[in-house]
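Student: Shown below is the structure under consideration.
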Amino acid sequence: MKSTVDPSYSLKTAGSAFQLRCGRHLLDLSFPRVMGILNVTPDSFSDGGQHVALDDALRHGERMLAEGAVMIDVGGESTRPGAPFVSEQEELDRVSPVVEALVRELDALVSVDTSSPVVMREASALGAGMINDVRALEREGALAAAVSSGLPVCLMHRQGEPQDMQQSPRYEQPVESAVVAYLAERVAACETAGLRRNRLLLDPGFGFGKTVEHNLRLLKYMEALQSLELPLLVGMSRKSMIGKVLGRPVEERLAGGLALTAMAVERGANIIRVHDVGPTVDAVNMAWAVLQEGCETPLNKESGA
Ligand code: 8Y4
């Protein structure tokens, strides 16, 4: 039954059923999905030699898939403020073996977190299924590389470069309007370059050149991004917007992140990028059940759960 109360914002319904061709995988976004984060920066895995690191990465990817992640986002360049510069060759050397192993051993849907045209080309040749670029294909040659990869691309909003983006970020308009305007401009640039709309996803870029207040407002008004009619991806996992509100260190931010996840799902997020896959899948499915007024997600329709 329809609510008789006029909601201040419209709830997402089954109206927009996105589907994305990701190489050999077809990604069904008729309900919200979870993307697991796999960092392959040297500090993120044990340094007991290359083989140990690759094996650890593979087991971590396998675990996230078992917990219900629909894909694994592999990144070799730390975008944290103040992180050291990584050469394209170094990034390639870190990412390639992991992408190759996830594809060969697990037939995983791999998203590659990169702004580098070289890494985009190599990753797609190795069987990656998506490009996740926090610089929205602004780097020289990235648009052309993305077009020729044939893969879908997630375009993320950011203000400034990771090195300086958190030095008193300011916006001339409501942050959600600035984000929509920027993403609309990047979508247009992609279409001009031959990247069709059906290969694009959008991301408001929580934490990228935004104060806590900007981030909180951006989530509150995230529905504004639905106007572009493209699938939405969000990444808030363990970020400082949680740390600053709750006064918690990075290892104690899960509950805060789950609350944000539920709110993002209500506002139309199609993919949630997180470190903690299992708990997030539960939060997503619970929020989705409320929106659907039922538990018939495509995954448990037959199980009678
Ligand atoms: C603790 C752990 C504190 C991680 C901060 C962080 C996004 C992204 C990142 C995002 C998309 C991060 C690569 C930043 N964030 N890609 N990447 N969207 N699409 N920081 O929000 O996780 S890295």
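Labels for the structure tokens follow display order: chains A, B, ..., residues from 1 in each chain, ligands from 1.
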List all protein, DNA and RNA residues that have an atom no more than 8 Å from any atom of ligand 1, counting only C-alpha atoms and all ligand atoms, and report them as a PyMOL selection string.
Tutor: chain A and resi 73+75+78-80+113-114+132-134+154-156+202-208+233-240+250+273-275
Student: If you run DSSP on the backbone here, which positions in range 55-227 of chain A get strand (DSSP E)? Please write them as a ChimeraX atom specification.
Tutor: /A:71-75,110-113,130-133,153-156,200-203
Student: Pull the helix (DSSP H, G or I) assignments for range 77-133 of chain A out of DSSP run on the backbone, and list those residues as a list in words.
Tutor: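 Helix (DSSP H, G or I) assignments inside range 77-133 of chain A correspond to Glu88, Gln89, Glu90, Glu91, Leu92, Asp93, Arg94, Val95, Ser96, Pro97, Val98, Val99, Glu100, Ala101, Leu102, Val103, Arg104, Glu105, Leu106, Pro117, Val118, Val119, Met120, Arg121, Glu122, Ala123, Ser124 and Ala125 of chain A.
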Student: Which is closer to Ser115 in chain A than all the others in A:Arg139, A:Arg94, A:Lys210, A:Arg253, using only C-alpha atoms?
Tutor: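 Result for the nearest residue to Ser115 in chain A: A:Arg139.
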Student: Considering only C-alpha atoms, state which residue in the set A:Val74, A:Ser111, A:Gln163, A:Val119 is at the smallest distance from Asp93 in chain A.
Tutor: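 Among the listed residues, the smallest separation from Asp93 in chain A belongs to A:Val119.
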Student: Which value, in Å to one decimal, gives the distance between CA of Gly160 in chain A and CA of Val277 in chain A?
Tutor: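 Interatomic distance here is 29.4 Å.
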Student: Could you check which of A:Pro162, A:Pro152, A:Pro117, A:Gly243 is closest to Glu140 in chain A, using only C-alpha atoms?
Tutor: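 Closest to Glu140 in chain A, using only C-alpha atoms: A:Pro117.
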Student: Enter the distance from CA of Gln159 in chain A to CA of Gly209 in chain A, in Å, rounded to one decimal.
Tutor: 4.7 Å
Student: Rank A:Phe31, A:Glu105, A:Gly76, A:Gln19 by their smallest atom-to-atom distance to Val265 in chain A, using only C-alpha atoms, and report the top residue only.
Tutor: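 Smallest distance to Val265 in chain A is found for A:Phe31.
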Student: Which is closest to Leu201 in chain A among A:Val290, A:Leu230, A:Cys22, A:Met64, if we use only C-alpha atoms?
Tutor: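 Distance minimum relative to Leu201 in chain A lands on A:Leu230.
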Student: Would you mind reading off the distance between CA of Asn215 in chain A and CA of Val175 in chain A, one decimal, in Å?
Tutor: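 Here the two named atoms are 8.5 Å from each other.
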Student: A:Leu126, A:Leu225, A:Ile242, A:Ala262: which is nearest Glu100 in chain A, counting only C-alpha atoms?
Tutor: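 Smallest distance to Glu100 in chain A is found for A:Leu126.
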